[in-house]
2 protein chains.
Amino acid sequence: MKYILIVCTWLTLTVIANAQELKSPNGKLELRFTLQTGGTPVYTLDYKGKAVIKPSKLGLELKNDQKSLLDDFTIADTKTSFFDDSWKPVWGEVKFIRNHYNEMAVTLNQKETDRQLIIRFRLFDDGLGFRYEFPSQKNLVYFIIKEERTQFAMAGDHTAFWIPGDYDTQEYDYIRSRLSEIRGLMTKSRTENLAQTSFSTTGVQTSLMMKTDDGLYINLHEAALINYACMHLNLDDKNMIFESWLTPDAIGDKGYIQSPSVSPWRTVIVSDDARDVLASKITYNLNEPSKIKQTSWIKPMKYVGVWWAMITGKSSWAYTNDLPAVQLGVTNFAAVKPNSTHGATTANVKKYIDFAAKNGFDAVLVEGWNVGWEDWFGHSKDYVFDFVTPYPDFHVRELHNYAKSKGVKMIMHHETSGSVRNYERHMDTAYKFMKANGYDAVKSGYVGPILPRGENHYSQWIINHYQYAIEKAAAYKVMVNAHEAVRPTGIARTWPNLIGNEAARGTEYQAFGGSKANHVTVLPFTRLIGGPMDYTPGIFEMDISKINPDNKSHVNSTLANQLALYVTMYSPLQMAADLPENYNRFPDAFQFIKDVAVDWDESKYMEAEPGEYITVARKAKRTNNWFLGNVNGEQPRTSEIALDFLEPGKKYVATIYADAKDAHYKTNPQAYTIRKLVVTSQSKLSQFSAPGGGYAISIIAAGKK
Amino acid sequence: MKYILIVCTWLTLTVIANAQELKSPNGKLELRFTLQTGGTPVYTLDYKGKAVIKPSKLGLELKNDQKSLLDDFTIADTKTSFFDDSWKPVWGEVKFIRNHYNEMAVTLNQKETDRQLIIRFRLFDDGLGFRYEFPSQKNLVYFIIKEERTQFAMAGDHTAFWIPGDYDTQEYDYIRSRLSEIRGLMTKSRTENLAQTSFSTTGVQTSLMMKTDDGLYINLHEAALINYACMHLNLDDKNMIFESWLTPDAIGDKGYIQSPSVSPWRTVIVSDDARDVLASKITYNLNEPSKIKQTSWIKPMKYVGVWWAMITGKSSWAYTNDLPAVQLGVTNFAAVKPNSTHGATTANVKKYIDFAAKNGFDAVLVEGWNVGWEDWFGHSKDYVFDFVTPYPDFHVRELHNYAKSKGVKMIMHHETSGSVRNYERHMDTAYKFMKANGYDAVKSGYVGPILPRGENHYSQWIINHYQYAIEKAAAYKVMVNAHEAVRPTGIARTWPNLIGNEAARGTEYQAFGGSKANHVTVLPFTRLIGGPMDYTPGIFEMDISKINPDNKSHVNSTLANQLALYVTMYSPLQMAADLPENYNRFPDAFQFIKDVAVDWDESKYMEAEPGEYITVARKAKRTNNWFLGNVNGEQPRTSEIALDFLEPGKKYVATIYADAKDAHYKTNPQAYTIRKLVVTSQSKLSQFSAPGGGYAISIIAAGKK
């Protein structure tokens, strides 16, 4: 791929009154930038003439500095340019991503301090990205951010899909409410979590999805969160103005910056068609191209794992129940009595390897294989795991050979327990151990409060750690799937070995009491804006007490909905999370999981409404096969879709895995139907979805399978 | 060496009333332990019948726990034992160290919680060590220390030599005052430093040296500070009770403990002869034996270095003056204009190598060799140094070869700027780089506030880092000389590659305005109790303006005093810190520095009074030669010493480097005399020392030189 950048100073700039104006390539979005009296930067954003962002201030409040970067500015220079190119992602929803925008970079001069600040706007057809740039200069070398003061003034009391702002967890159920209702719902929204730190009664997380009463869809997030604190949004609910609220460090500072430097991009995706939000590639486009030159070792994959049995409580991460506490290097695991519930035994893992090999899965994830799980959480335990010492009943070498003989890869698990220094200390050894034993991918975890205490999951210090882990892994050609790390912001473009994150409420919560039935109709509009999620779909047994009698959780989803997730929740890493025995009970439905692709050449968002439904069709990479998925919210619904994306004149066999008429996520989740039909690009489908349901369709080019 | 431990339960225990009593091997020290009403542990310590520690409480206050470990105790068990053995240090003041004590371990049971706490007392002839032990138990697995509540109740308003309590620096001048005067002197005592954090108007650091009005010398410190916060002492100056005050983390917690675990030892050295305090080996004896099995690579050494020219301001660490800031990996040093002051140039270092080779020094230290010094301090800069990239004018390989050809070792310098995560990330690479280039020892620095902000230099988290650095270095056979790390607590017994620390006000302050003339008569009673100090003596030019006209500092010491420091300030690592040209001006005096040993078979403390004078004679390892040093305080003084430590009947040539009669640290520091005489074990010496002066004597067995 070749990048083409044509810089045309003053090209599209129009100066209206005091305002500087920029339009999106298709002209539908219009940005205005101006300086208020007093020299405060202000911007607005319109979509087809409707206000998306009303006049909103820009700037940063500095700590212990002569003057903040908030006002007293004059415009020293304005440069505009346009950019249009396509790039090829290492993995993704589409074969090529078009990166097409008009740009305006405003250089501001602060008179009193003689400091320069650049605000760079990139206006795409589907939204806006802008960031602060701190060029190298004599009078602004180092500074401390007390708070970023970026406003997003809403034009009304929109409906929002939000989770409460928190410095330590992102694993909340989404609330749908008016902006004015956030304050009243905040307490209720903060369900219990293993680590959580709230800061405001109107603070929410990004990506924040909103819908206006006149039908605009607005999404606020950030892109390229590197060496900077993660942004929350705090709402002034009298004026409906969101303002950035960065995650502080232990002493309340929100960022230590050295110029030259840039902030992450602040993004506003906007359209009157919800499908455009799902299809938007703004977040990736605002990240830098891949820094990994040779990427052939990065491979999308479908996997199974020794995990759901643990999450449901059927089996354990721990090897023994006889230890009140563990001290690594001191505790002698060879001398303790094993429990009968340990999941990561050689024998059990072999069963998963067999299952993976038989059903065409690429890999097996195993948790609880390394010593320390008897006692790993919440005690400020620095040396909590060593990432290389297996339990006595987990034979690394034997399993390596066994998996290799079956053509199955193993996925390593590194739980840090928030003890990030300990992880960094062991990282080289751990990655070397992985590669020596045939592991090319790691699932990392950051469960519980961060060490050292006072730091939290999303401050600059810890953001820096996640990045370090990704880059260090890349050096060892290790793919990373980081759970409890910060929500992604498109960094996978630059570091495509970041093949997944959790960073939201995943399927595990279905075994912790359950999630909302429409949760998966919201996630693609929020969490997935920044990158793929290791959502771990594929649950066939919704009554968790059948797995573990002590766990009364119910999975709020139909079986067909679970199948659809492999298409609607885009990820290059897809788990079939349920127990093999549950898949063996439903081999006809399981066929879809076996068939579905994990990497795509095309994606067509066909229907979308946040909280209600999402329907998407994707063309499997290097094939003529399509897979179509629909997830549905609380109300029964019938999709009317045309298969006009198929190659004209060609015949396909469609296999439709759908909710039965009487299916319901709560009362009858396993009622599904499977039917096959021949379809062409002329075909139209009318397909029912039950509450919390959906459907999945494989569309295989005839003559091939 | 073989360890002999004979455990004799109830052997020496005497129960008087409710108290349990333990005597030191020689019977002069007597410890009493009892439980007050309410079950609070209390101890006392007497020396020859005089109260050293009046009834003082023991215990720990816990955070968020059902009950603190302060009271409600009963005595479940008391075990006494005695121990007598000698061990051979890898380097040291003596060939063998006797470890001789009576021990009493009291197991306490807290009734309400059914928790066990052991308090272990070891009573030596020269003092007491005791610690808390938290055995493995069901009801006390993890806990958070809110504060350790160990009291040291003084029997009077003693005279103390103290520096103010501080979480971030130990580099203060000592104050001599009554305990009751500490509060009034606190503000004045807190001279400016690059990073400092005070906590109390009566808080002081250990080791704290005191003298009672009836002639007892009492020293309070700690031993084996491992995985625990460093202890300060906070004075209740109404009742003259010191209480432990641990260094907190960013959220105020003072320790995260998992049982089984132990606290560091709290030490009380006591004698009516000040020399016993200097000769005490309690601190080492309370540490574990060496964990390094093969120690032949650990070598005491005398060195010179490119350092004093920097400290005085004559030359610079930085390579250029043209950079407002540096970004490692971005800043191109090849493209900037070098300044003319950079000290670590290949040519300049070669001069130091030549000087070292010519004068028999083992090694050359070079600071400012690696990129980043233009901009390294105080900006919360995470990636501040990489420890492997030299400036363009410092040729690592060429210097390696040159030094090797001259038989001189190079000492590496790693300044962390408090960015400890960055250091840990680069440590393996840095140590490998060292070994590949012939460096076997590193001087590490922790100048400025710790990252992440909120942490400080002496909290458990950072103590853990210093230990990690020592152990990691040992794995690479690297000797460590850590500056600005926590004051040592005898850990060099366990990790003898820790050959030095600064951790106090070193000679550099003589170039920052000057230190007190009696400073070096205090340090052996305070800072050196825990281990050797890289004090960097040997300054011959006291008028710093002669080195750098802009620096008006005066070194408050006579030249003879500087010579004596090589004997009085025991260290296996001794620098000749001054510029080669200053040594070349005084070749006769410099001869002593060339001659003096750095490792010893015997040490005789001949005279000692804190703040006044110290005279010590040491026998050089594997020779019959002795070196004798005296440092003197503000008052002129004449030593009367007998050389009865010499081998009877043998003749020696003594060369006496002494203050001239009119010498004075301020007005006439370079006035010295040198005289030679033949001495035997019958000889007695009457030797004058000027204010801030002293003398140094080499006593070479006749027939040998």
# chains A, B, ... in the order shown; residues from 1 in each chain; ligands from 1
>>> interface_residues(of="chain A", to="chain B", cutoff="10 Å", atoms="only C-alpha atoms", output="number ranges by chain")
A: 136-144, 227, 249-253, 255-260, 323-327, 378-382, 421, 424-425, 427-428, 451-455, 460-462, 464-465, 468
>>> residues_around(residues="range 432-439 of chain B", least_positions_apart="6", cutoff="6 Å", atoms="only C-alpha atoms", output="ChimeraX atom specification")
/B:400,410-411
>>> write_last_selection(atoms="C-alpha atoms", output="PDB file, in the first residue's frame")
ATOM      1  CA  HIS B 400      36.693  -1.147  26.861  1.00  0.00           C
ATOM      2  CA  MET B 410      35.227   0.382  34.165  1.00  0.00           C
ATOM      3  CA  ILE B 411      32.337   1.174  36.500  1.00  0.00           C
TER       4      ILE B 411
END
>>> residues_around(residues="Ala642 in chain A", least_positions_apart="6", cutoff="9 Å", atoms="only C-alpha atoms", output="ChimeraX atom specification")
/A:606,681-686
>>> write_last_selection(atoms="N, CA and C atoms", output="tab-separated table (two decimals), in the first residue's frame")
chain	number	residue	atom	x	y	z
A	606	MET	N	-26.87	-4.36	7.28
A	606	MET	CA	-28.15	-4.36	6.58
A	606	MET	C	-29.25	-3.71	7.39
A	681	SER	N	-28.77	-13.49	-5.80
A	681	SER	CA	-28.74	-12.07	-5.47
A	681	SER	C	-30.13	-11.44	-5.59
A	682	GLN	N	-31.05	-12.15	-6.17
A	682	GLN	CA	-32.43	-11.65	-6.29
A	682	GLN	C	-33.27	-11.98	-5.05
A	683	SER	N	-32.75	-12.87	-4.22
A	683	SER	CA	-33.58	-13.38	-3.11
A	683	SER	C	-33.83	-12.31	-2.07
A	684	LYS	N	-35.01	-12.41	-1.51
A	684	LYS	CA	-35.33	-11.58	-0.36
A	684	LYS	C	-35.75	-12.49	0.78
A	685	LEU	N	-35.43	-12.07	1.98
A	685	LEU	CA	-35.72	-12.92	3.13
A	685	LEU	C	-36.56	-12.15	4.13
A	686	SER	N	-37.53	-12.85	4.67
A	686	SER	CA	-38.31	-12.31	5.77
A	686	SER	C	-38.07	-13.26	6.93
>>> select_by_dssp(residues="range 180-411 of chain B", states="alpha helix (DSSP H)", output="PyMOL selection string")
chain B and resi 182-189+274-279+282-285+308-311+346-359+396-406
>>> residues_around(residues="range 286-293 of chain A", least_positions_apart="3", cutoff="8 Å", atoms="only C-alpha atoms", output="VMD selection string")
chain A and resid 129 223 to 224 265 282 to 283 474 490 to 491 493 to 496
>>> write_last_selection(atoms="N, CA and C atoms", output="PDB file, in the first residue's frame")
ATOM      1  N   GLY A 129     -12.687  13.623  13.668  1.00  0.00           N
ATOM      2  CA  GLY A 129     -11.647  13.341  14.652  1.00  0.00           C
ATOM      3  C   GLY A 129     -10.847  14.615  14.868  1.00  0.00           C
ATOM      4  N   ALA A 223      -9.503   7.854  19.723  1.00  0.00           N
ATOM      5  CA  ALA A 223      -8.673   6.982  18.894  1.00  0.00           C
ATOM      6  C   ALA A 223      -7.207   7.212  19.226  1.00  0.00           C
ATOM      7  N   ALA A 224      -6.430   6.128  19.143  1.00  0.00           N
ATOM      8  CA  ALA A 224      -4.983   6.215  19.353  1.00  0.00           C
ATOM      9  C   ALA A 224      -4.636   6.702  20.760  1.00  0.00           C
ATOM     10  N   TRP A 265      -6.962  11.162  19.537  1.00  0.00           N
ATOM     11  CA  TRP A 265      -8.028  11.820  18.793  1.00  0.00           C
ATOM     12  C   TRP A 265      -9.337  11.700  19.558  1.00  0.00           C
ATOM     13  N   ILE A 282     -13.469   5.217  11.242  1.00  0.00           N
ATOM     14  CA  ILE A 282     -12.767   6.407  11.738  1.00  0.00           C
ATOM     15  C   ILE A 282     -11.700   6.048  12.767  1.00  0.00           C
ATOM     16  N   THR A 283     -12.064   5.197  13.701  1.00  0.00           N
ATOM     17  CA  THR A 283     -11.152   4.923  14.813  1.00  0.00           C
ATOM     18  C   THR A 283      -9.841   4.322  14.308  1.00  0.00           C
ATOM     19  N   ALA A 474       4.820  -8.284  20.453  1.00  0.00           N
ATOM     20  CA  ALA A 474       5.103  -8.237  19.017  1.00  0.00           C
ATOM     21  C   ALA A 474       6.546  -8.640  18.743  1.00  0.00           C
ATOM     22  N   GLY A 490      -8.532   1.593  18.514  1.00  0.00           N
ATOM     23  CA  GLY A 490      -8.043   1.424  17.146  1.00  0.00           C
ATOM     24  C   GLY A 490      -6.560   1.154  17.027  1.00  0.00           C
ATOM     25  N   ILE A 491      -5.917   0.914  18.164  1.00  0.00           N
ATOM     26  CA  ILE A 491      -4.470   0.688  18.151  1.00  0.00           C
ATOM     27  C   ILE A 491      -4.104  -0.566  17.369  1.00  0.00           C
ATOM     28  N   ARG A 493      -4.683  -1.221  14.498  1.00  0.00           N
ATOM     29  CA  ARG A 493      -4.154  -0.900  13.173  1.00  0.00           C
ATOM     30  C   ARG A 493      -2.632  -0.828  13.222  1.00  0.00           C
ATOM     31  N   THR A 494      -2.143  -0.182  14.248  1.00  0.00           N
ATOM     32  CA  THR A 494      -0.702   0.030  14.385  1.00  0.00           C
ATOM     33  C   THR A 494      -0.004  -1.227  14.902  1.00  0.00           C
ATOM     34  N   TRP A 495      -0.675  -1.915  15.792  1.00  0.00           N
ATOM     35  CA  TRP A 495      -0.142  -3.141  16.384  1.00  0.00           C
ATOM     36  C   TRP A 495      -1.154  -4.258  16.168  1.00  0.00           C
ATOM     37  N   PRO A 496      -1.186  -4.812  14.954  1.00  0.00           N
ATOM     38  CA  PRO A 496      -2.217  -5.807  14.648  1.00  0.00           C
ATOM     39  C   PRO A 496      -2.071  -7.118  15.406  1.00  0.00           C
TER      40      PRO A 496
END
>>> atom_distance(atom1="CA of Phe242 in chain A", atom2="CA of Glu484 in chain A")
25.1 Å
>>> closest_residue(among="B:Asp166, B:Asp125, B:Asp362, B:Glu222", to="Val270 in chain B", atoms="only C-alpha atoms")
B:Asp125
>>> residues_around(residues="Gly633 in chain B", least_positions_apart="5", cutoff="10 Å", atoms="only C-alpha atoms", output="list in words")
Lys516, Ala517, Asn518, His519, Val520, Thr521, Val522, Ser557, Asn561, Glu609, Pro610, Gly611, Glu612, Tyr613, Ile614, Tyr665, Ser689, Ala690, Pro691, Gly692, Gly693 and Gly694 of chain B
>>> residues_around(residues="range 60-63 of chain A", least_positions_apart="2", cutoff="6 Å", atoms="only C-alpha atoms", output="VMD selection string")
chain A and resid 65 68 to 70 144 to 149
>>> select_by_dssp(residues="range 52-165 of chain B", states="strand (DSSP E or B)", output="MDAnalysis selection string")
chainID B and resid 52:57 60:62 69 73:87 97:110 115:124 127:134 142:148 151:153 159:162 164
>>> atom_distance(atom1="CA of Thr212 in chain B", atom2="CA of Arg618 in chain B")
28.9 Å
>>> atom_distance(atom1="CA of Phe645 in chain A", atom2="CA of Phe525 in chain A")
23.0 Å
